[in-house]
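Listing of query32.txt, compact mmCIF, C-alpha atoms
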```txt
# COMPACT_ATOMS: atom_id res chain seq x y z
CA MET W 1 52.11 25.12 -3.64
CA GLU W 2 51.35 23.35 -6.89
CA ASN W 3 47.79 23.05 -8.11
CA GLN W 4 46.59 19.52 -7.50
CA GLU W 5 44.68 17.94 -10.32
CA VAL W 6 41.08 17.20 -9.31
CA LYS W 7 39.98 13.90 -10.73
CA HIS W 8 36.53 13.75 -12.30
CA GLN W 9 34.34 11.40 -10.30
CA ARG W 10 31.93 9.40 -12.39
CA ARG W 11 28.46 8.69 -11.07
CA VAL W 12 27.85 5.13 -9.91
CA ARG W 13 27.00 3.03 -12.96
CA TYR W 14 23.28 2.22 -13.22
CA LYS W 15 23.31 -1.52 -12.75
CA GLY W 16 20.76 -3.02 -15.11
CA THR W 17 17.10 -2.04 -15.17
CA HIS W 18 16.59 -2.43 -11.44
CA PRO W 19 19.73 -2.04 -9.26
CA ARG W 20 19.48 -3.49 -5.75
CA ASN W 21 21.06 -0.65 -3.78
CA TYR W 22 18.56 2.14 -3.04
CA HIS W 23 21.10 4.94 -3.49
CA GLU W 24 22.21 3.57 -6.88
CA LYS W 25 18.67 3.86 -8.26
CA TYR W 26 19.14 7.48 -9.35
CA LYS W 27 16.97 6.98 -12.43
CA GLU W 28 14.01 5.73 -10.41
CA LEU W 29 14.54 8.53 -7.89
CA ASN W 30 14.23 11.08 -10.72
CA PRO W 31 11.05 10.04 -12.57
CA GLU W 32 10.67 13.41 -14.36
CA LYS W 33 13.98 12.81 -16.16
CA TYR W 34 13.94 9.01 -16.50
CA GLY W 35 10.26 8.26 -17.17
CA ASP W 36 11.05 5.26 -19.42
CA THR W 37 13.05 3.53 -16.67
CA VAL W 38 10.27 4.11 -14.13
CA ALA W 39 7.68 2.73 -16.57
CA LYS W 40 9.80 -0.43 -17.08
CA VAL W 41 10.08 -1.01 -13.32
CA ILE W 42 6.30 -0.65 -12.90
CA ARG W 43 5.63 -3.03 -15.82
CA LYS W 44 7.76 -5.64 -14.04
CA GLY W 45 5.36 -5.43 -11.07
CA SER W 46 7.78 -3.52 -8.84
CA THR W 47 7.51 -0.12 -7.19
CA PRO W 48 10.24 2.31 -8.30
CA ALA W 49 12.49 3.64 -5.54
CA GLY W 50 11.21 6.87 -4.03
CA MET W 51 7.71 6.29 -5.39
CA HIS W 52 4.45 4.85 -4.12
CA ILE W 53 1.81 3.24 -6.32
CA SER W 54 -1.65 4.05 -4.94
CA ILE W 55 -4.00 1.14 -4.33
CA CYS W 56 -7.76 0.80 -5.03
CA VAL W 57 -7.85 4.13 -6.88
CA LYS W 58 -10.77 3.08 -9.14
CA GLU W 59 -12.76 1.66 -6.23
CA ILE W 60 -12.26 4.85 -4.19
CA LEU W 61 -13.17 7.18 -7.05
CA ASP W 62 -16.25 5.11 -7.95
CA PHE W 63 -17.45 5.26 -4.34
CA PHE W 64 -16.75 8.97 -3.77
CA ASP W 65 -18.24 10.06 -7.13
CA ILE W 66 -16.47 13.41 -6.70
CA GLN W 67 -18.17 16.45 -8.25
CA PRO W 68 -16.61 19.85 -9.10
CA GLY W 69 -16.91 22.29 -6.20
CA GLN W 70 -16.70 19.67 -3.45
CA LYS W 71 -14.34 19.75 -0.50
CA GLY W 72 -12.33 16.67 0.50
CA LEU W 73 -9.74 15.48 2.98
CA ASP W 74 -6.93 13.00 2.36
CA ALA W 75 -6.06 12.19 5.96
CA THR W 76 -2.88 10.31 4.96
CA LEU W 77 -1.36 12.22 2.05
CA GLY W 78 1.79 10.11 1.51
CA TYR W 79 3.03 10.22 -2.09
CA GLY W 80 -0.17 11.98 -3.13
CA GLY W 81 -1.36 9.46 -5.72
CA HIS W 82 -4.92 9.27 -4.40
CA THR W 83 -5.00 13.04 -3.88
CA LEU W 84 -3.91 13.69 -7.46
CA GLU W 85 -6.70 11.55 -8.90
CA MET W 86 -9.27 13.17 -6.60
CA LEU W 87 -8.05 16.65 -7.58
CA LYS W 88 -8.53 15.75 -11.25
CA ARG W 89 -12.19 14.94 -10.54
CA LEU W 90 -12.75 18.43 -9.10
CA LYS W 91 -11.94 19.92 -12.55
CA GLY W 92 -10.51 23.13 -11.10
CA GLU W 93 -13.42 23.77 -8.71
CA GLY W 94 -13.27 22.81 -5.04
CA HIS W 95 -10.47 22.00 -2.61
CA ILE W 96 -8.64 19.09 -1.01
CA PHE W 97 -6.79 19.17 2.29
CA GLY W 98 -3.95 16.67 2.77
CA LEU W 99 -2.58 15.63 6.18
CA ASP W 100 0.70 13.85 6.92
CA VAL W 101 3.06 13.50 9.89
CA ASP W 102 6.14 12.93 7.73
CA PRO W 103 7.79 16.35 7.17
CA ILE W 104 10.24 14.92 4.62
CA GLU W 105 7.81 13.21 2.26
CA SER W 106 4.89 15.65 2.64
CA ALA W 107 7.11 18.54 1.49
CA LYS W 108 8.15 16.53 -1.59
CA THR W 109 4.53 15.63 -2.34
CA LYS W 110 3.35 19.22 -2.03
CA GLU W 111 6.07 20.35 -4.46
CA ARG W 112 5.28 17.48 -6.87
CA LEU W 113 1.55 18.32 -6.96
CA GLU W 114 2.23 22.05 -7.34
CA LYS W 115 4.30 21.28 -10.44
CA GLN W 116 1.26 19.47 -11.85
CA GLY W 117 -0.85 22.59 -11.43
CA TYR W 118 -2.39 22.00 -8.00
CA GLY W 119 -1.27 24.95 -5.91
CA PRO W 120 -2.79 26.50 -2.77
CA ASP W 121 -6.01 27.45 -4.56
CA MET W 122 -6.84 23.72 -4.94
CA LEU W 123 -4.67 21.93 -2.36
CA THR W 124 -3.64 22.64 1.23
CA VAL W 125 -1.06 20.36 2.88
CA LYS W 126 -0.92 20.31 6.67
CA LEU W 127 1.76 18.64 8.81
CA LEU W 128 -0.73 17.00 11.14
CA ASN W 129 -1.45 13.53 12.49
CA PHE W 130 -4.78 12.21 11.25
CA ALA W 131 -5.81 11.61 14.86
CA ASN W 132 -6.31 15.38 14.92
CA ILE W 133 -8.89 15.60 12.11
CA ASP W 134 -11.15 17.49 14.53
CA GLN W 135 -8.70 20.42 14.27
CA VAL W 136 -8.80 20.57 10.47
CA GLY W 137 -12.55 19.85 10.57
CA ALA W 138 -13.19 22.84 12.83
CA GLU W 139 -11.06 25.11 10.63
CA GLU W 140 -11.91 23.85 7.14
CA GLY W 141 -14.78 21.32 7.31
CA PRO W 142 -17.19 19.76 7.02
CA PHE W 143 -16.06 17.59 4.09
CA ASP W 144 -17.86 15.83 1.25
CA PHE W 145 -15.37 12.97 1.31
CA VAL W 146 -12.57 11.72 3.57
CA LEU W 147 -9.94 9.12 2.67
CA ALA W 148 -7.48 7.36 4.97
CA ASP W 149 -4.89 4.96 3.54
CA LEU W 150 -3.31 3.29 6.58
CA GLY W 151 -0.40 1.71 4.71
CA VAL W 152 3.19 2.86 5.09
CA SER W 153 4.26 4.47 1.82
CA SER W 154 6.71 2.61 -0.40
CA MET W 155 9.16 5.52 -0.44
CA GLN W 156 9.43 5.17 3.36
CA ILE W 157 9.79 1.38 3.27
CA ASP W 158 12.40 1.40 0.51
CA ASN W 159 14.65 4.12 1.95
CA PRO W 160 17.21 2.35 4.20
CA ASP W 161 17.75 5.56 6.17
CA ARG W 162 14.21 5.24 7.59
CA GLY W 163 14.69 1.69 8.95
CA PHE W 164 11.28 0.31 7.94
CA SER W 165 12.48 -2.79 6.12
CA TYR W 166 14.30 -5.86 7.42
CA LYS W 167 15.60 -6.51 3.88
CA ILE W 168 18.09 -3.63 3.80
CA ASP W 169 20.47 -2.51 6.53
CA GLY W 170 19.81 0.84 8.12
CA PRO W 171 19.16 2.45 11.50
CA LEU W 172 16.34 0.74 13.43
CA ASP W 173 14.13 3.83 13.43
CA LEU W 174 10.59 3.12 12.12
CA ARG W 175 9.19 6.55 13.04
CA LEU W 176 6.77 8.08 10.52
CA ASN W 177 7.99 11.46 11.73
CA PRO W 178 11.76 11.05 12.15
CA GLN W 179 11.96 14.31 14.10
CA LYS W 180 9.77 13.24 17.03
CA GLY W 181 9.54 10.47 19.59
CA MET W 182 11.49 7.29 20.36
CA THR W 183 13.17 5.24 17.65
CA ALA W 184 12.46 1.49 17.53
CA ALA W 185 16.02 0.87 18.82
CA GLU W 186 15.36 3.10 21.85
CA ARG W 187 11.99 1.43 22.40
CA LEU W 188 13.60 -2.02 22.53
CA LYS W 189 16.09 -0.85 25.16
CA ALA W 190 13.16 0.27 27.33
CA CYS W 191 11.29 -3.07 26.99
CA ASP W 192 11.39 -6.23 29.05
CA THR W 193 10.67 -9.68 27.59
CA GLU W 194 7.04 -9.79 28.66
CA GLU W 195 6.24 -6.34 27.22
CA LEU W 196 7.95 -7.05 23.89
CA ALA W 197 6.27 -10.45 23.51
CA GLY W 198 2.88 -8.86 24.23
CA MET W 199 3.56 -6.12 21.70
CA MET W 200 4.44 -8.66 19.00
CA MET W 201 1.36 -10.78 19.69
CA GLU W 202 -1.08 -7.88 19.91
CA ASN W 203 0.26 -5.85 16.99
CA ALA W 204 1.19 -8.63 14.57
CA ASP W 205 -0.09 -12.04 15.78
CA GLU W 206 3.53 -13.29 15.85
CA PRO W 207 3.50 -17.04 16.67
CA TYR W 208 7.10 -17.01 17.97
CA ALA W 209 6.66 -13.80 19.98
CA GLN W 210 7.94 -15.27 23.24
CA GLU W 211 11.06 -16.83 21.71
CA ILE W 212 11.98 -13.74 19.67
CA ALA W 213 11.32 -11.32 22.54
CA SER W 214 13.42 -13.39 24.94
CA ALA W 215 16.33 -13.53 22.48
CA VAL W 216 16.20 -9.80 21.64
CA ILE W 217 16.09 -8.64 25.27
CA SER W 218 18.86 -11.12 26.24
CA GLU W 219 21.11 -9.72 23.49
CA ILE W 220 20.51 -6.13 24.62
CA ARG W 221 21.16 -6.99 28.29
CA ARG W 222 24.42 -8.67 27.33
CA GLY W 223 25.51 -5.35 25.84
CA ASN W 224 24.96 -6.30 22.20
CA PRO W 225 23.33 -3.38 20.39
CA MET W 226 20.05 -3.64 18.48
CA ASP W 227 20.53 -0.36 16.63
CA THR W 228 20.19 -1.53 13.03
CA THR W 229 17.65 -3.46 10.97
CA ARG W 230 20.30 -6.09 10.21
CA GLN W 231 21.03 -6.73 13.89
CA LEU W 232 17.35 -7.37 14.66
CA ARG W 233 16.93 -9.57 11.58
CA GLU W 234 19.98 -11.68 12.55
CA VAL W 235 18.60 -12.29 16.05
CA ILE W 236 15.29 -13.44 14.56
CA GLU W 237 17.16 -15.74 12.14
CA LYS W 238 19.18 -17.30 15.00
CA THR W 239 16.10 -17.67 17.19
CA LEU W 240 14.19 -19.59 14.51
CA ALA W 241 17.07 -21.94 13.69
CA PHE W 242 15.05 -24.80 15.26
CA ILE W 243 12.52 -24.69 12.39
CA PRO W 244 13.11 -27.42 9.75
CA GLU W 245 15.37 -26.13 6.99
CA LYS W 246 12.85 -26.44 4.16
CA GLU W 247 10.36 -24.25 6.09
CA ARG W 248 12.85 -21.92 7.77
CA LYS W 249 13.42 -19.31 5.05
CA GLU W 250 9.71 -18.51 4.69
CA ALA W 251 9.14 -18.61 8.47
CA VAL W 252 12.03 -16.19 9.09
CA LYS W 253 10.74 -13.85 6.37
CA LYS W 254 7.23 -13.75 7.86
CA SER W 255 8.48 -13.34 11.43
CA CYS W 256 10.72 -10.46 10.32
CA GLN W 257 7.77 -8.79 8.59
CA ARG W 258 5.55 -9.22 11.65
CA SER W 259 8.24 -8.15 14.14
CA PHE W 260 8.99 -4.95 12.22
CA GLN W 261 5.25 -4.29 11.85
CA ALA W 262 4.70 -4.75 15.60
CA LEU W 263 7.51 -2.32 16.43
CA ARG W 264 6.33 0.24 13.87
CA ILE W 265 2.78 0.16 15.23
CA ASP W 266 4.08 0.63 18.78
CA VAL W 267 6.59 3.39 17.98
CA ASN W 268 3.95 5.41 16.09
CA SER W 269 1.03 4.55 18.45
CA GLU W 270 -0.87 3.49 15.33
CA PHE W 271 -3.82 1.76 17.00
CA GLU W 272 -4.38 4.65 19.42
CA VAL W 273 -4.16 7.13 16.53
CA LEU W 274 -6.61 5.10 14.41
CA TYR W 275 -9.06 4.82 17.31
CA GLN W 276 -9.06 8.62 17.75
CA PHE W 277 -9.49 9.14 13.99
CA LEU W 278 -12.48 6.76 13.81
CA GLU W 279 -14.10 8.41 16.83
CA LYS W 280 -13.79 11.91 15.34
CA LEU W 281 -14.50 10.98 11.69
CA PRO W 282 -18.31 11.49 11.65
CA ASP W 283 -17.96 15.02 13.04
CA VAL W 284 -15.87 16.21 10.08
CA LEU W 285 -18.25 14.80 7.44
CA LYS W 286 -21.19 16.67 5.93
CA ASP W 287 -24.58 15.00 6.01
CA GLY W 288 -24.30 12.54 3.13
CA GLY W 289 -20.49 12.79 3.30
CA LYS W 290 -18.49 9.67 2.47
CA ALA W 291 -15.49 8.06 4.18
CA ALA W 292 -13.24 5.31 2.78
CA ILE W 293 -10.45 3.57 4.70
CA LEU W 294 -7.75 1.25 3.36
CA THR W 295 -6.23 -1.19 5.88
CA PHE W 296 -3.28 -3.55 5.50
CA HIS W 297 -3.44 -5.95 8.44
CA SER W 298 -6.11 -7.64 10.53
CA GLY W 299 -5.71 -5.44 13.62
CA GLU W 300 -6.49 -2.27 11.67
CA ASP W 301 -9.38 -3.87 9.79
CA ARG W 302 -10.97 -5.11 13.02
CA LEU W 303 -10.92 -1.59 14.49
CA VAL W 304 -12.46 -0.04 11.36
CA LYS W 305 -15.13 -2.73 11.03
CA LYS W 306 -16.10 -2.45 14.71
CA SER W 307 -16.29 1.37 14.61
CA PHE W 308 -18.37 1.48 11.42
CA LYS W 309 -20.79 -1.19 12.74
CA GLN W 310 -21.26 0.52 16.11
CA LEU W 311 -21.84 3.96 14.59
CA TYR W 312 -24.23 2.48 12.02
CA LYS W 313 -26.29 0.86 14.80
CA GLN W 314 -26.35 4.21 16.63
CA GLY W 315 -27.65 5.91 13.48
CA VAL W 316 -24.53 8.05 12.99
CA TYR W 317 -23.82 6.43 9.61
CA ARG W 318 -26.79 5.78 7.36
CA GLU W 319 -24.94 3.15 5.32
CA ILE W 320 -21.71 1.11 5.59
CA SER W 321 -20.02 -1.44 3.32
CA LYS W 322 -21.48 -4.87 4.07
CA ASP W 323 -18.38 -6.69 2.86
CA VAL W 324 -14.74 -5.78 2.61
CA ILE W 325 -13.60 -4.54 -0.82
CA ARG W 326 -10.33 -5.90 -2.18
CA PRO W 327 -8.12 -4.81 -5.09
CA SER W 328 -8.65 -6.69 -8.33
CA ALA W 329 -6.44 -9.67 -9.23
CA GLU W 330 -5.03 -7.55 -12.05
CA GLU W 331 -4.00 -4.81 -9.63
CA CYS W 332 -2.41 -7.34 -7.25
CA ASN W 333 -0.39 -8.81 -10.14
CA ARG W 334 0.71 -5.32 -11.15
CA ASN W 335 1.52 -4.25 -7.57
CA SER W 336 2.35 -7.02 -5.09
CA ARG W 337 1.96 -4.58 -2.17
CA ALA W 338 -1.78 -4.42 -2.91
CA ARG W 339 -2.45 -8.03 -1.90
CA SER W 340 -3.13 -7.43 1.79
CA THR W 341 -5.34 -4.35 1.20
CA LYS W 342 -8.91 -4.16 2.49
CA MET W 343 -11.25 -1.23 1.88
CA ARG W 344 -14.29 -0.32 3.95
CA TRP W 345 -16.59 2.68 3.54
CA ALA W 346 -19.30 4.59 5.38
CA ILE W 347 -21.83 7.29 4.47
CA LYS W 348 -23.04 9.76 7.09
```

Here is a file; write its structure as structure tokens.
Amino acid sequence: MENQEVKHQRRVRYKGTHPRNYHEKYKELNPEKYGDTVAKVIRKGSTPAGMHISICVKEILDFFDIQPGQKGLDATLGYGGHTLEMLKRLKGEGHIFGLDVDPIESAKTKERLEKQGYGPDMLTVKLLNFANIDQVGAEEGPFDFVLADLGVSSMQIDNPDRGFSYKIDGPLDLRLNPQKGMTAAERLKACDTEELAGMMMENADEPYAQEIASAVISEIRRGNPMDTTRQLREVIEKTLAFIPEKERKEAVKKSCQRSFQALRIDVNSEFEVLYQFLEKLPDVLKDGGKAAILTFHSGEDRLVKKSFKQLYKQGVYREISKDVIRPSAEECNRNSRARSTKMRWAIK
């Protein structure tokens, strides 16, 4: 048998400074090697693929006023941007514990931070839902400061394999931990019209909840699958065809955002998880310990505001933020994903 010549396969050409296809963005996905490309993408106001730009870092650090030797908890580790800046403030003395339910991204973050000199002597990463802070509090607490950033990380949103974005086709998954629980596609199959409409109204204030829910459930019952992000987006587009053309594009975009948000919140039980976290939060803080929470939609912010106010009235917290803190205009221009952010804080 003659030896067959193996043709050399060239890597996909890097299309411009910011290719559209996630898997073609190999420079952005390798920031250690292609730092210049990553810097260009950030300067344009975009988030490089596979990365997450932390929000309200200055405001959080100013509030925490971290001192060497303190012990902190990042209840939502994500890409580790906040954790990295907090670790720097410890100046080699103290410890931070980071929690995350995403086994894929938390492992990458742990490795990334270790390479920057923050190994197990300074940082402990636990694969744990932040609803269970009482567990880490009992083992490692109490803490001088606790941070919770409730936003979904950009590296999850941008990766089509995770199914978080309506903009790119991928499996309709939406689970923060892709190894546990029902996918969004499976959840839709288990819903009826009334339940789905209620979910969309409660979790995202969707004005066309009834129309979209009716269309989605009708499609599924007719045997048409709703297994991909594209399929759900197309149903929403068809459903809103009655909106005047000049308003339709923006209306479809917002309804897609809200529908995906509503499903994500349901699939990950985000309100239930947040409620448990807020209930347990004071018990893991030292006297004088500080907590800061970043929220990204009104439902989350209402829960945080209500919890902080109630516990302040009961004397559990000695001080809470009177007003919501927002990112600066400069930060919002630099990172469009910061625009919906609200920060609230409490001191025990």

For Gly119 (chain W), the nearest of the candidates W:Ala292, W:Leu278, W:Leu87, W:Ala204, counting all atoms listed in the file: W:Leu87

d(CA of Lys286 (chain W), CA of Gly117 (chain W)) in Å: 27.4 Å

Contact residues around region 65-67 of chain W with all atoms listed in the file at 10 Å, ignoring same-chain residues under 2 positions, as number ranges by chain: W: 60-63, 69-72, 86-91, 93-94, 144-145, 290

Report as CSV the residues of region 247-266 of chain W within 12 Å of region 184-198 of chain W, each with its shortest atom pair and distance in Å (one decimal), using all atoms listed in the file, ordered by chain and increasing residue number.
```
residue,atom,partner,partner_atom,distance
W:Arg258,CA,W:Ala197,CA,11.9
W:Ser259,CA,W:Leu196,CA,9.8
W:Phe260,CA,W:Ala184,CA,9.0
W:Gln261,CA,W:Ala184,CA,10.8
W:Ala262,CA,W:Leu196,CA,9.2
W:Leu263,CA,W:Ala184,CA,6.3
W:Arg264,CA,W:Ala184,CA,7.2
W:Ile265,CA,W:Ala184,CA,10.0
W:Asp266,CA,W:Ala184,CA,8.5
```

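Nearest to Gln257 (chain W) of all the residues W:Ser269, W:Gln116, W:Ser165, W:Gln231 is W:Ser165, based on all atoms listed in the file.
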
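Distance check against Ser54 (chain W) using all atoms listed in the file: of W:Arg337, W:His82, W:Lys167, W:Arg233, the minimum falls on W:His82.
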
Using all atoms listed in the file, determine which residues lie at most 9 Å from region 282-284 of chain W, disregarding the query and same-chain residues fewer than 2 positions distant; provide the list as a CSV table (one decimal) with C-alpha atoms, in the frame of the given file.
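Heads up, here's the output in result20.csv:
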```csv
chain,number,residue,atom,x,y,z
W,133,ILE,CA,-8.9,15.6,12.1
W,134,ASP,CA,-11.2,17.5,14.5
W,136,VAL,CA,-8.8,20.6,10.5
W,137,GLY,CA,-12.6,19.8,10.6
W,138,ALA,CA,-13.2,22.8,12.8
W,141,GLY,CA,-14.8,21.3,7.3
W,142,PRO,CA,-17.2,19.8,7.0
W,143,PHE,CA,-16.1,17.6,4.1
W,146,VAL,CA,-12.6,11.7,3.6
W,278,LEU,CA,-12.5,6.8,13.8
W,279,GLU,CA,-14.1,8.4,16.8
W,280,LYS,CA,-13.8,11.9,15.3
W,286,LYS,CA,-21.2,16.7,5.9
W,289,GLY,CA,-20.5,12.8,3.3
W,291,ALA,CA,-15.5,8.1,4.2
W,311,LEU,CA,-21.8,4.0,14.6
W,316,VAL,CA,-24.5,8.0,13.0
W,317,TYR,CA,-23.8,6.4,9.6
W,348,LYS,CA,-23.0,9.8,7.1
```

For Arg318 (chain W): contacts at 8 Å, all atoms listed in the file, fewer than 3 positions along chain excluded, given as a ChimeraX atom specification: /W:312,315,346-348

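Comparing the minimum interatomic distances between Asp149 (chain W) and each of W:Leu128, W:Met200, W:Ile293, W:Ile320, counting only C-alpha atoms, we find that W:Ile293 sits nearest.
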
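Here CA of Asp100 (chain W) stands at a distance of 16.3 Å from CA of Glu272 (chain W).
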
Of the listed residues W:Met199, W:Ala75, W:Met122, W:Ala215, that which approaches Leu281 (chain W) most closely, counting all atoms listed in the file: W:Ala75

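Coordinates place CA of Ala251 (chain W) at a distance of 21.1 Å from CA of Met226 (chain W).
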
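With all atoms listed in the file as the atoms that count, the residue of W:Asp173, W:Glu105, W:Glu59, W:Asp227 with the shortest distance to Tyr79 (chain W) is W:Glu105.
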
All residues 7 Å or closer to Val125 (chain W), only C-alpha atoms, same chain fewer than 5 positions away omitted, as a ChimeraX atom specification: /W:97-99,110

Polymer residues at most 8 Å from (2.2, 14.7, -2.9) by all atoms listed in the file, as a list in words: Leu77, Gly78, Tyr79, Gly80, Gly81, Thr83, Leu84, Glu105, Ser106, Ala107, Lys108, Thr109, Lys110, Glu111, Arg112 and Leu113 of chain W
